[in-house]
file target28.cif (mmCIF, C-alpha atoms, pLDDT in the B column; chains and numbers go by the auth columns)
data_target
loop_
_atom_site.group_PDB
_atom_site.id
_atom_site.type_symbol
_atom_site.label_atom_id
_atom_site.label_comp_id
_atom_site.label_asym_id
_atom_site.label_seq_id
_atom_site.Cartn_x
_atom_site.Cartn_y
_atom_site.Cartn_z
_atom_site.B_iso_or_equiv
_atom_site.auth_seq_id
_atom_site.auth_asym_id
ATOM 1 C CA MET A 1 30.934 57.550 221.980 46.00 1 A
ATOM 2 C CA ALA A 2 27.347 57.106 220.858 51.00 2 A
ATOM 3 C CA ILE A 3 27.387 60.617 219.346 54.00 3 A
ATOM 4 C CA HIS A 4 30.540 59.762 217.379 55.00 4 A
ATOM 5 C CA GLY A 5 28.835 56.637 216.019 56.00 5 A
ATOM 6 C CA TYR A 6 25.753 58.666 215.099 57.00 6 A
ATOM 7 C CA HIS A 7 27.873 61.131 213.114 61.00 7 A
ATOM 8 C CA ASN A 8 29.624 58.273 211.307 73.00 8 A
ATOM 9 C CA ASP A 9 26.276 56.684 210.413 81.00 9 A
ATOM 10 C CA LYS A 10 24.981 60.017 209.166 81.00 10 A
ATOM 11 C CA PHE A 11 28.111 60.565 207.067 77.00 11 A
ATOM 12 C CA VAL A 12 27.834 57.072 205.546 83.00 12 A
ATOM 13 C CA GLN A 13 24.152 57.669 204.742 86.00 13 A
ATOM 14 C CA MET A 14 24.915 61.032 203.121 85.00 14 A
ATOM 15 C CA ARG A 15 27.706 59.444 201.083 86.00 15 A
ATOM 16 C CA GLU A 16 25.472 56.581 199.904 91.00 16 A
ATOM 17 C CA ASP A 17 22.695 59.024 199.027 92.00 17 A
ATOM 18 C CA ALA A 18 25.100 61.151 196.972 93.00 18 A
ATOM 19 C CA ILE A 19 26.385 58.097 195.093 95.00 19 A
ATOM 20 C CA VAL A 20 22.847 56.944 194.269 95.00 20 A
ATOM 21 C CA ARG A 21 21.919 60.428 193.012 96.00 21 A
ATOM 22 C CA ILE A 22 25.074 60.613 190.884 96.00 22 A
ATOM 23 C CA LEU A 23 24.532 57.164 189.383 95.00 23 A
ATOM 24 C CA ASP A 24 20.828 57.812 188.756 94.00 24 A
ATOM 25 C CA ALA A 25 21.634 61.101 187.047 95.00 25 A
ATOM 26 C CA ALA A 26 24.426 59.592 184.956 94.00 26 A
ATOM 27 C CA CYS A 27 22.226 56.661 183.974 91.00 27 A
ATOM 28 C CA GLU A 28 19.414 58.929 182.766 90.00 28 A
ATOM 29 C CA LEU A 29 21.712 61.341 180.935 92.00 29 A
ATOM 30 C CA PHE A 30 23.777 58.615 179.264 89.00 30 A
ATOM 31 C CA ALA A 31 20.537 56.980 178.076 84.00 31 A
ATOM 32 C CA ASN A 32 19.007 60.222 176.786 84.00 32 A
ATOM 33 C CA ASN A 33 22.053 62.095 175.468 86.00 33 A
ATOM 34 C CA GLY A 34 24.681 59.421 174.973 83.00 34 A
ATOM 35 C CA TYR A 35 28.018 58.992 176.679 87.00 35 A
ATOM 36 C CA SER A 36 29.988 61.483 174.580 87.00 36 A
ATOM 37 C CA ALA A 37 27.433 64.297 174.815 90.00 37 A
ATOM 38 C CA THR A 38 26.981 63.980 178.583 92.00 38 A
ATOM 39 C CA THR A 39 29.287 66.140 180.677 94.00 39 A
ATOM 40 C CA MET A 40 30.197 65.871 184.333 95.00 40 A
ATOM 41 C CA GLN A 41 28.592 69.299 184.828 95.00 41 A
ATOM 42 C CA MET A 42 25.305 67.975 183.444 96.00 42 A
ATOM 43 C CA ILE A 43 25.466 64.974 185.760 96.00 43 A
ATOM 44 C CA ALA A 44 26.253 67.158 188.775 96.00 44 A
ATOM 45 C CA LYS A 45 23.353 69.493 188.011 96.00 45 A
ATOM 46 C CA LYS A 46 20.929 66.584 187.593 96.00 46 A
ATOM 47 C CA ALA A 47 22.200 64.987 190.820 96.00 47 A
ATOM 48 C CA GLY A 48 21.871 68.266 192.731 95.00 48 A
ATOM 49 C CA ILE A 49 25.515 68.570 193.731 93.00 49 A
ATOM 50 C CA VAL A 50 28.427 70.795 192.757 93.00 50 A
ATOM 51 C CA PRO A 51 30.551 69.387 189.877 89.00 51 A
ATOM 52 C CA SER A 52 33.613 68.987 192.085 90.00 52 A
ATOM 53 C CA GLY A 53 31.493 66.820 194.412 90.00 53 A
ATOM 54 C CA ILE A 54 31.421 63.993 191.863 93.00 54 A
ATOM 55 C CA TYR A 55 35.207 63.737 191.999 93.00 55 A
ATOM 56 C CA HIS A 56 35.013 62.735 195.663 91.00 56 A
ATOM 57 C CA TYR A 57 33.549 59.446 194.414 93.00 57 A
ATOM 58 C CA TYR A 58 34.631 59.024 190.784 94.00 58 A
ATOM 59 C CA ALA A 59 37.901 59.922 189.053 92.00 59 A
ATOM 60 C CA GLY A 60 36.125 61.017 185.883 91.00 60 A
ATOM 61 C CA LYS A 61 33.488 60.137 183.315 91.00 61 A
ATOM 62 C CA GLU A 62 35.157 56.823 182.407 90.00 62 A
ATOM 63 C CA ASP A 63 35.087 55.753 186.038 92.00 63 A
ATOM 64 C CA LEU A 64 31.466 56.862 186.284 93.00 64 A
ATOM 65 C CA VAL A 65 30.224 54.959 183.215 91.00 65 A
ATOM 66 C CA GLU A 66 31.948 51.850 184.550 90.00 66 A
ATOM 67 C CA ALA A 67 30.152 52.290 187.889 93.00 67 A
ATOM 68 C CA VAL A 68 26.832 52.748 186.067 92.00 68 A
ATOM 69 C CA LEU A 69 27.415 49.594 184.042 89.00 69 A
ATOM 70 C CA ASN A 70 28.426 47.619 187.137 89.00 70 A
ATOM 71 C CA ARG A 71 25.239 48.696 188.915 91.00 71 A
ATOM 72 C CA GLU A 72 22.914 48.018 185.978 88.00 72 A
ATOM 73 C CA VAL A 73 24.412 44.624 185.096 85.00 73 A
ATOM 74 C CA ALA A 74 24.336 43.588 188.768 87.00 74 A
ATOM 75 C CA ALA A 75 20.654 44.581 188.908 89.00 75 A
ATOM 76 C CA MET A 76 19.952 42.468 185.809 86.00 76 A
ATOM 77 C CA ASP A 77 21.801 39.549 187.366 85.00 77 A
ATOM 78 C CA ARG A 78 19.686 39.841 190.529 88.00 78 A
ATOM 79 C CA THR A 79 16.516 39.943 188.435 89.00 79 A
ATOM 80 C CA ILE A 80 17.494 36.824 186.526 86.00 80 A
ATOM 81 C CA ALA A 81 18.581 34.997 189.694 84.00 81 A
ATOM 82 C CA ILE A 82 15.199 35.721 191.296 89.00 82 A
ATOM 83 C CA GLY A 83 13.414 34.709 188.106 88.00 83 A
ATOM 84 C CA VAL A 84 15.276 31.416 187.872 84.00 84 A
ATOM 85 C CA GLN A 85 15.004 30.446 191.548 84.00 85 A
ATOM 86 C CA ARG A 86 11.477 31.633 192.373 89.00 86 A
ATOM 87 C CA TYR A 87 9.793 31.119 189.032 89.00 87 A
ATOM 88 C CA LEU A 88 11.652 28.962 186.514 85.00 88 A
ATOM 89 C CA ILE A 89 12.717 26.185 188.921 84.00 89 A
ATOM 90 C CA GLU A 90 9.603 26.224 191.107 86.00 90 A
ATOM 91 C CA LYS A 91 6.825 27.173 188.668 89.00 91 A
ATOM 92 C CA GLY A 92 8.081 26.603 185.112 87.00 92 A
ATOM 93 C CA THR A 93 8.876 28.582 181.983 88.00 93 A
ATOM 94 C CA ASN A 94 5.520 30.387 181.703 92.00 94 A
ATOM 95 C CA ALA A 95 5.838 31.882 185.186 93.00 95 A
ATOM 96 C CA PHE A 96 9.474 32.778 184.487 92.00 96 A
ATOM 97 C CA PHE A 97 8.643 34.683 181.305 93.00 97 A
ATOM 98 C CA ASP A 98 5.687 36.440 182.954 95.00 98 A
ATOM 99 C CA TYR A 99 8.077 37.612 185.659 95.00 99 A
ATOM 100 C CA MET A 100 10.663 38.707 183.079 94.00 100 A
ATOM 101 C CA VAL A 101 8.076 40.653 181.064 95.00 101 A
ATOM 102 C CA ASP A 102 6.990 42.532 184.192 95.00 102 A
ATOM 103 C CA SER A 103 10.622 43.179 185.077 94.00 103 A
ATOM 104 C CA VAL A 104 11.417 44.573 181.613 93.00 104 A
ATOM 105 C CA CYS A 105 8.347 46.821 181.743 94.00 105 A
ATOM 106 C CA ARG A 106 9.314 48.134 185.196 92.00 106 A
ATOM 107 C CA ASN A 107 12.927 48.746 184.150 89.00 107 A
ATOM 108 C CA VAL A 108 12.602 49.987 180.582 87.00 108 A
ATOM 109 C CA ASP A 109 15.081 52.833 181.222 83.00 109 A
ATOM 110 C CA ARG A 110 17.728 50.271 182.167 84.00 110 A
ATOM 111 C CA ILE A 111 17.109 48.366 178.925 86.00 111 A
ATOM 112 C CA SER A 112 17.285 51.603 176.925 84.00 112 A
ATOM 113 C CA LEU A 113 20.585 52.573 178.522 85.00 113 A
ATOM 114 C CA ILE A 114 22.198 49.190 177.889 83.00 114 A
ATOM 115 C CA CYS A 115 20.938 49.214 174.287 81.00 115 A
ATOM 116 C CA TYR A 116 22.386 52.678 173.727 80.00 116 A
ATOM 117 C CA LEU A 117 25.757 51.725 175.187 80.00 117 A
ATOM 118 C CA VAL A 118 25.854 48.538 173.106 77.00 118 A
ATOM 119 C CA ARG A 119 25.001 50.500 169.952 76.00 119 A
ATOM 120 C CA TYR A 120 27.649 53.139 170.632 75.00 120 A
ATOM 121 C CA ARG A 121 30.180 50.987 172.454 75.00 121 A
ATOM 122 C CA ASP A 122 33.005 52.530 170.410 75.00 122 A
ATOM 123 C CA CYS A 123 32.408 55.781 172.312 75.00 123 A
ATOM 124 C CA ILE A 124 32.844 54.353 175.805 77.00 124 A
ATOM 125 C CA PRO A 125 36.125 53.301 177.424 77.00 125 A
ATOM 126 C CA GLU A 126 37.409 50.025 175.973 79.00 126 A
ATOM 127 C CA HIS A 127 37.756 48.325 179.363 73.00 127 A
ATOM 128 C CA CYS A 128 33.987 48.781 179.897 76.00 128 A
ATOM 129 C CA THR A 129 32.849 47.096 176.681 75.00 129 A
ATOM 130 C CA GLY A 130 33.217 43.575 178.104 75.00 130 A
ATOM 131 C CA LYS A 131 30.403 44.332 180.540 73.00 131 A
ATOM 132 C CA LEU A 132 28.084 44.825 177.553 75.00 132 A
ATOM 133 C CA LYS A 133 28.354 41.194 176.433 76.00 133 A
ATOM 134 C CA LEU A 134 25.150 40.443 178.279 74.00 134 A
ATOM 135 C CA LEU A 135 23.808 37.748 175.970 72.00 135 A
ATOM 136 C CA GLN A 136 27.015 35.767 176.365 76.00 136 A
ATOM 137 C CA HIS A 137 26.849 36.276 180.132 74.00 137 A
ATOM 138 C CA PHE A 138 23.195 35.194 180.356 79.00 138 A
ATOM 139 C CA GLY A 139 23.937 32.233 178.072 77.00 139 A
ATOM 140 C CA GLU A 140 26.549 31.052 180.568 79.00 140 A
ATOM 141 C CA ILE A 141 23.930 31.248 183.322 77.00 141 A
ATOM 142 C CA LEU A 142 21.620 29.027 181.230 75.00 142 A
ATOM 143 C CA ARG A 143 24.227 26.264 181.231 77.00 143 A
ATOM 144 C CA ASP A 144 23.792 25.943 184.998 78.00 144 A
ATOM 145 C CA TYR A 145 20.153 24.961 184.523 76.00 145 A
ATOM 146 C CA ILE A 146 20.017 23.170 181.168 77.00 146 A
ATOM 147 C CA ARG A 147 22.201 20.090 180.709 76.00 147 A
ATOM 148 C CA ASN A 148 21.274 18.787 177.259 78.00 148 A
ATOM 149 C CA GLU A 149 23.431 20.326 174.495 80.00 149 A
ATOM 150 C CA ASP A 150 20.592 20.347 171.943 81.00 150 A
ATOM 151 C CA GLU A 151 18.390 22.125 174.445 82.00 151 A
ATOM 152 C CA ILE A 152 21.177 24.621 175.162 83.00 152 A
ATOM 153 C CA GLU A 153 21.006 25.696 171.512 85.00 153 A
ATOM 154 C CA GLN A 154 17.228 25.965 171.724 87.00 154 A
ATOM 155 C CA ALA A 155 17.488 27.958 174.970 85.00 155 A
ATOM 156 C CA TRP A 156 20.072 30.257 173.371 86.00 156 A
ATOM 157 C CA ALA A 157 17.661 30.992 170.489 88.00 157 A
ATOM 158 C CA VAL A 158 14.866 31.658 172.981 89.00 158 A
ATOM 159 C CA LEU A 159 17.123 34.005 174.971 87.00 159 A
ATOM 160 C CA ILE A 160 18.090 35.973 171.853 87.00 160 A
ATOM 161 C CA ASP A 161 14.446 36.298 170.822 92.00 161 A
ATOM 162 C CA PHE A 162 13.372 37.434 174.285 92.00 162 A
ATOM 163 C CA CYS A 163 16.122 40.061 174.424 89.00 163 A
ATOM 164 C CA SER A 164 15.176 41.265 170.929 90.00 164 A
ATOM 165 C CA CYS A 165 11.559 41.631 172.035 93.00 165 A
ATOM 166 C CA ALA A 166 12.658 43.519 175.165 92.00 166 A
ATOM 167 C CA VAL A 167 14.710 45.899 173.024 89.00 167 A
ATOM 168 C CA PHE A 168 11.742 46.428 170.690 91.00 168 A
ATOM 169 C CA TYR A 169 9.544 47.216 173.696 92.00 169 A
ATOM 170 C CA SER A 170 12.112 49.666 175.101 89.00 170 A
ATOM 171 C CA VAL A 171 12.011 51.577 171.803 87.00 171 A
ATOM 172 C CA THR A 172 8.281 51.462 171.036 91.00 172 A
ATOM 173 C CA GLY A 173 6.621 51.142 174.450 91.00 173 A
ATOM 174 C CA HIS A 174 4.030 48.730 172.987 94.00 174 A
ATOM 175 C CA ARG A 175 3.492 46.343 175.882 94.00 175 A
ATOM 176 C CA ASP A 176 0.652 44.484 174.155 95.00 176 A
ATOM 177 C CA ILE A 177 2.944 43.571 171.234 95.00 177 A
ATOM 178 C CA PHE A 178 5.702 42.602 173.662 95.00 178 A
ATOM 179 C CA VAL A 179 3.348 40.294 175.566 95.00 179 A
ATOM 180 C CA ARG A 180 2.139 38.665 172.321 95.00 180 A
ATOM 181 C CA GLN A 181 5.711 38.104 171.153 96.00 181 A
ATOM 182 C CA VAL A 182 6.657 36.542 174.476 95.00 182 A
ATOM 183 C CA SER A 183 3.631 34.229 174.361 95.00 183 A
ATOM 184 C CA GLN A 184 5.170 32.657 171.239 95.00 184 A
ATOM 185 C CA ILE A 185 8.529 32.382 172.997 94.00 185 A
ATOM 186 C CA LYS A 186 6.837 30.626 175.928 93.00 186 A
ATOM 187 C CA LYS A 187 5.570 27.884 173.617 92.00 187 A
ATOM 188 C CA ARG A 188 9.076 27.212 172.341 90.00 188 A
ATOM 189 C CA ALA A 189 10.567 27.304 175.840 89.00 189 A
ATOM 190 C CA SER A 190 7.988 24.933 177.331 87.00 190 A
ATOM 191 C CA THR A 191 9.863 21.866 176.011 85.00 191 A
ATOM 192 C CA LEU A 192 13.140 22.740 177.777 81.00 192 A
ATOM 193 C CA THR A 193 14.247 20.540 180.659 81.00 193 A
ATOM 194 C CA ILE A 194 15.217 22.760 183.589 76.00 194 A
ATOM 195 C CA THR A 195 17.177 21.443 186.576 74.00 195 A
ATOM 196 C CA ALA A 196 18.476 23.093 189.726 65.00 196 A
ATOM 197 C CA ALA A 197 22.030 24.396 189.467 58.00 197 A
ATOM 198 C CA ASP A 198 23.446 21.993 192.061 56.00 198 A
ATOM 199 C CA GLN A 199 22.091 18.839 190.472 49.00 199 A
#

call {"tool": "encode", "arguments": {"input": "target28.cif", "output": "structure tokens"}}
result
Amino acid sequence: MAIHGYHNDKFVQMREDAIVRILDAACELFANNGYSATTMQMIAKKAGIVPSGIYHYYAGKEDLVEAVLNREVAAMDRTIAIGVQRYLIEKGTNAFFDYMVDSVCRNVDRISLICYLVRYRDCIPEHCTGKLKLLQHFGEILRDYIRNEDEIEQAWAVLIDFCSCAVFYSVTGHRDIFVRQVSQIKKRASTLTITAADQ
């Protein structure tokens, strides 16, 4: 019985490893080549599996780009949740933006991919385009922590500016400029009144 369980655990681990390799490969290739120019064969080669192996997990390229988007947006959500709870609520806007700058710099490939897919959203399956409305999504999160309507508008402007700076950094790689731009954003954000979501 223990041997049977061991084999099941090993199979699950192999499956999870294959999925991660496929998603990592697809993410990199979509970012570098675009959705249309990336083939399943290219993804399989990059992931180190036979092309037919992808179809054990994904029905096709549309299914795969949706899985990539789900993973990347979920990762961004986790980043923001950590930033809000550990930094914004407990330490203030400066600490929050310092955390977000570091996060953007560590995950520049993710930003590049999302930017590419937003720019060429007409090329990806229509049912996936809703996942690219990240600013709207993040704006909804802000409403949980900012109650004053005037401040919501100010926070929205700050969010747009921060995202624009992150996009600029993902294209140029100039961290020093990014940090300077965010220092100006911090000054504007310092007047916002932040409350915990359950208050």

call {"tool": "closest_residue", "arguments": {"input": "target28.cif", "among": "A:Asp109, A:Glu72, A:Glu62, A:Glu16", "to": "Asn32 in chain A", "atoms": "all atoms listed in the file"}}
result
A:Asp109

call {"tool": "resolve_selection", "arguments": {"input": "target28.cif", "expression": "the PyMOL selection byres ((chain A and resi 156) around 10)", "output": "VMD selection string"}}
result
chain A and resid 135 to 136 138 to 140 142 to 143 151 to 155 157 to 162

call {"tool": "resolve_selection", "arguments": {"input": "target28.cif", "expression": "the PyMOL selection byres ((chain A and resi 173) around 12)", "output": "ChimeraX atom specification"}}
result
/A:104-109,111-112,165-172,174-179

call {"tool": "resolve_selection", "arguments": {"input": "target28.cif", "expression": "the PyMOL selection byres ((chain A and resi 65-71) around 9)", "output": "JSON, numbers by chain"}}
result
{"A": [23, 24, 26, 27, 30, 35, 58, 60, 61, 62, 63, 64, 72, 73, 74, 75, 76, 114, 124, 125, 127, 128, 131, 132]}

call {"tool": "atom_distance", "arguments": {"input": "target28.cif", "atom1": "CA of Val20 in chain A", "atom2": "CA of Glu126 in chain A"}}
result
24.4 Å

call {"tool": "atom_distance", "arguments": {"input": "target28.cif", "atom1": "CA of Ala25 in chain A", "atom2": "CA of Leu117 in chain A"}}
result
15.7 Å

call {"tool": "residues_around", "arguments": {"input": "target28.cif", "residues": "Ser190 in chain A", "least_positions_apart": "6", "cutoff": "8 Å", "atoms": "only C-alpha atoms", "output": "list in words"}}
result
Gly92, Thr93 and Asn94 of chain A

call {"tool": "axis_aligned_box", "arguments": {"input": "target28.cif", "around": "range 163-177 of chain A", "padding_each_side": "6 Å", "output": "JSON"}}
result
{"center_x": 8.4, "center_y": 45.8, "center_z": 173.3, "size_x": 27.5, "size_y": 23.5, "size_z": 17.2}

call {"tool": "atom_distance", "arguments": {"input": "target28.cif", "atom1": "CA of Asp98 in chain A", "atom2": "CA of Ala31 in chain A"}}
result
25.8 Å

call {"tool": "closest_residue", "arguments": {"input": "target28.cif", "among": "A:Leu29, A:Leu134, A:Ile49, A:Cys115", "to": "Asp17 in chain A", "atoms": "all atoms listed in the file"}}
result
A:Ile49

call {"tool": "closest_residue", "arguments": {"input": "target28.cif", "among": "A:Glu90, A:Asp77, A:Asp150, A:Asp122", "to": "Ile194 in chain A", "atoms": "all atoms listed in the file"}}
result
A:Glu90

call {"tool": "closest_residue", "arguments": {"input": "target28.cif", "among": "A:Val118, A:Arg86, A:Gln184, A:Glu28", "to": "Lys46 in chain A", "atoms": "all atoms listed in the file"}}
result
A:Glu28

call {"tool": "closest_residue", "arguments": {"input": "target28.cif", "among": "A:Arg121, A:Lys91, A:Arg110, A:Arg21", "to": "Ser36 in chain A", "atoms": "all atoms listed in the file"}}
result
A:Arg121

call {"tool": "closest_residue", "arguments": {"input": "target28.cif", "among": "A:Gly83, A:Gly130, A:Gly53, A:Gly34", "to": "Ile19 in chain A", "atoms": "only C-alpha atoms"}}
result
A:Gly53

call {"tool": "build_atoms", "arguments": {"input": "target28.cif", "residues": "range 140-163 of chain A", "atoms": "N, CA, C and O atoms", "output": "mmCIF file, keeping the file's coordinate frame"}}
result
data_model
loop_
_atom_site.group_PDB
_atom_site.id
_atom_site.type_symbol
_atom_site.label_atom_id
_atom_site.label_comp_id
_atom_site.auth_asym_id
_atom_site.auth_seq_id
_atom_site.Cartn_x
_atom_site.Cartn_y
_atom_site.Cartn_z
ATOM 1 N N GLU A 140 25.758 31.848 179.621
ATOM 2 C CA GLU A 140 26.549 31.052 180.568
ATOM 3 C C GLU A 140 25.708 30.657 181.779
ATOM 4 O O GLU A 140 25.832 29.552 182.313
ATOM 5 N N ILE A 141 24.829 31.569 182.206
ATOM 6 C CA ILE A 141 23.930 31.248 183.322
ATOM 7 C C ILE A 141 23.005 30.087 182.939
ATOM 8 O O ILE A 141 22.747 29.192 183.744
ATOM 9 N N LEU A 142 22.519 30.093 181.691
ATOM 10 C CA LEU A 142 21.620 29.027 181.230
ATOM 11 C C LEU A 142 22.246 27.644 181.390
ATOM 12 O O LEU A 142 21.555 26.673 181.712
ATOM 13 N N ARG A 143 23.544 27.555 181.170
ATOM 14 C CA ARG A 143 24.227 26.264 181.231
ATOM 15 C C ARG A 143 24.170 25.642 182.634
ATOM 16 O O ARG A 143 24.349 24.435 182.781
ATOM 17 N N ASP A 144 23.933 26.482 183.641
ATOM 18 C CA ASP A 144 23.792 25.943 184.998
ATOM 19 C C ASP A 144 22.468 25.211 185.191
ATOM 20 O O ASP A 144 22.325 24.421 186.125
ATOM 21 N N TYR A 145 21.497 25.487 184.313
ATOM 22 C CA TYR A 145 20.153 24.961 184.523
ATOM 23 C C TYR A 145 19.667 24.049 183.405
ATOM 24 O O TYR A 145 18.640 23.395 183.536
ATOM 25 N N ILE A 146 20.394 24.021 182.291
ATOM 26 C CA ILE A 146 20.017 23.170 181.168
ATOM 27 C C ILE A 146 21.223 22.310 180.817
ATOM 28 O O ILE A 146 22.294 22.830 180.508
ATOM 29 N N ARG A 147 21.070 21.007 180.876
ATOM 30 C CA ARG A 147 22.201 20.090 180.709
ATOM 31 C C ARG A 147 22.354 19.567 179.276
ATOM 32 O O ARG A 147 23.446 19.321 178.818
ATOM 33 N N ASN A 148 21.259 19.381 178.598
ATOM 34 C CA ASN A 148 21.274 18.787 177.259
ATOM 35 C C ASN A 148 21.796 19.796 176.231
ATOM 36 O O ASN A 148 21.282 20.905 176.133
ATOM 37 N N GLU A 149 22.807 19.398 175.446
ATOM 38 C CA GLU A 149 23.431 20.326 174.495
ATOM 39 C C GLU A 149 22.461 20.814 173.428
ATOM 40 O O GLU A 149 22.508 21.968 173.009
ATOM 41 N N ASP A 150 21.579 19.925 172.951
ATOM 42 C CA ASP A 150 20.592 20.347 171.943
ATOM 43 C C ASP A 150 19.648 21.392 172.538
ATOM 44 O O ASP A 150 19.266 22.363 171.871
ATOM 45 N N GLU A 151 19.281 21.172 173.792
ATOM 46 C CA GLU A 151 18.390 22.125 174.445
ATOM 47 C C GLU A 151 19.102 23.441 174.751
ATOM 48 O O GLU A 151 18.463 24.493 174.791
ATOM 49 N N ILE A 152 20.415 23.390 174.963
ATOM 50 C CA ILE A 152 21.177 24.621 175.162
ATOM 51 C C ILE A 152 21.037 25.517 173.938
ATOM 52 O O ILE A 152 20.822 26.722 174.045
ATOM 53 N N GLU A 153 21.149 24.915 172.747
ATOM 54 C CA GLU A 153 21.006 25.696 171.512
ATOM 55 C C GLU A 153 19.604 26.284 171.405
ATOM 56 O O GLU A 153 19.432 27.436 171.004
ATOM 57 N N GLN A 154 18.610 25.484 171.759
ATOM 58 C CA GLN A 154 17.228 25.965 171.724
ATOM 59 C C GLN A 154 17.039 27.097 172.734
ATOM 60 O O GLN A 154 16.405 28.122 172.429
ATOM 61 N N ALA A 155 17.600 26.927 173.932
ATOM 62 C CA ALA A 155 17.488 27.958 174.970
ATOM 63 C C ALA A 155 18.197 29.249 174.536
ATOM 64 O O ALA A 155 17.721 30.357 174.809
ATOM 65 N N TRP A 156 19.336 29.096 173.873
ATOM 66 C CA TRP A 156 20.072 30.257 173.371
ATOM 67 C C TRP A 156 19.221 31.044 172.377
ATOM 68 O O TRP A 156 19.153 32.271 172.433
ATOM 69 N N ALA A 157 18.538 30.331 171.465
ATOM 70 C CA ALA A 157 17.661 30.992 170.489
ATOM 71 C C ALA A 157 16.508 31.706 171.189
ATOM 72 O O ALA A 157 16.136 32.833 170.825
ATOM 73 N N VAL A 158 15.959 31.052 172.203
ATOM 74 C CA VAL A 158 14.866 31.658 172.981
ATOM 75 C C VAL A 158 15.361 32.924 173.685
ATOM 76 O O VAL A 158 14.677 33.957 173.691
ATOM 77 N N LEU A 159 16.545 32.851 174.273
ATOM 78 C CA LEU A 159 17.123 34.005 174.971
ATOM 79 C C LEU A 159 17.331 35.178 174.021
ATOM 80 O O LEU A 159 16.980 36.320 174.336
ATOM 81 N N ILE A 160 17.869 34.909 172.847
ATOM 82 C CA ILE A 160 18.090 35.973 171.853
ATOM 83 C C ILE A 160 16.759 36.604 171.459
ATOM 84 O O ILE A 160 16.634 37.831 171.392
ATOM 85 N N ASP A 161 15.757 35.767 171.219
ATOM 86 C CA ASP A 161 14.446 36.298 170.822
ATOM 87 C C ASP A 161 13.824 37.136 171.929
ATOM 88 O O ASP A 161 13.244 38.197 171.671
ATOM 89 N N PHE A 162 13.941 36.659 173.180
ATOM 90 C CA PHE A 162 13.372 37.434 174.285
ATOM 91 C C PHE A 162 14.057 38.792 174.403
ATOM 92 O O PHE A 162 13.393 39.821 174.564
ATOM 93 N N CYS A 163 15.382 38.793 174.327
ATOM 94 C CA CYS A 163 16.122 40.061 174.424
ATOM 95 C C CYS A 163 15.763 40.994 173.277
ATOM 96 O O CYS A 163 15.633 42.210 173.472
#
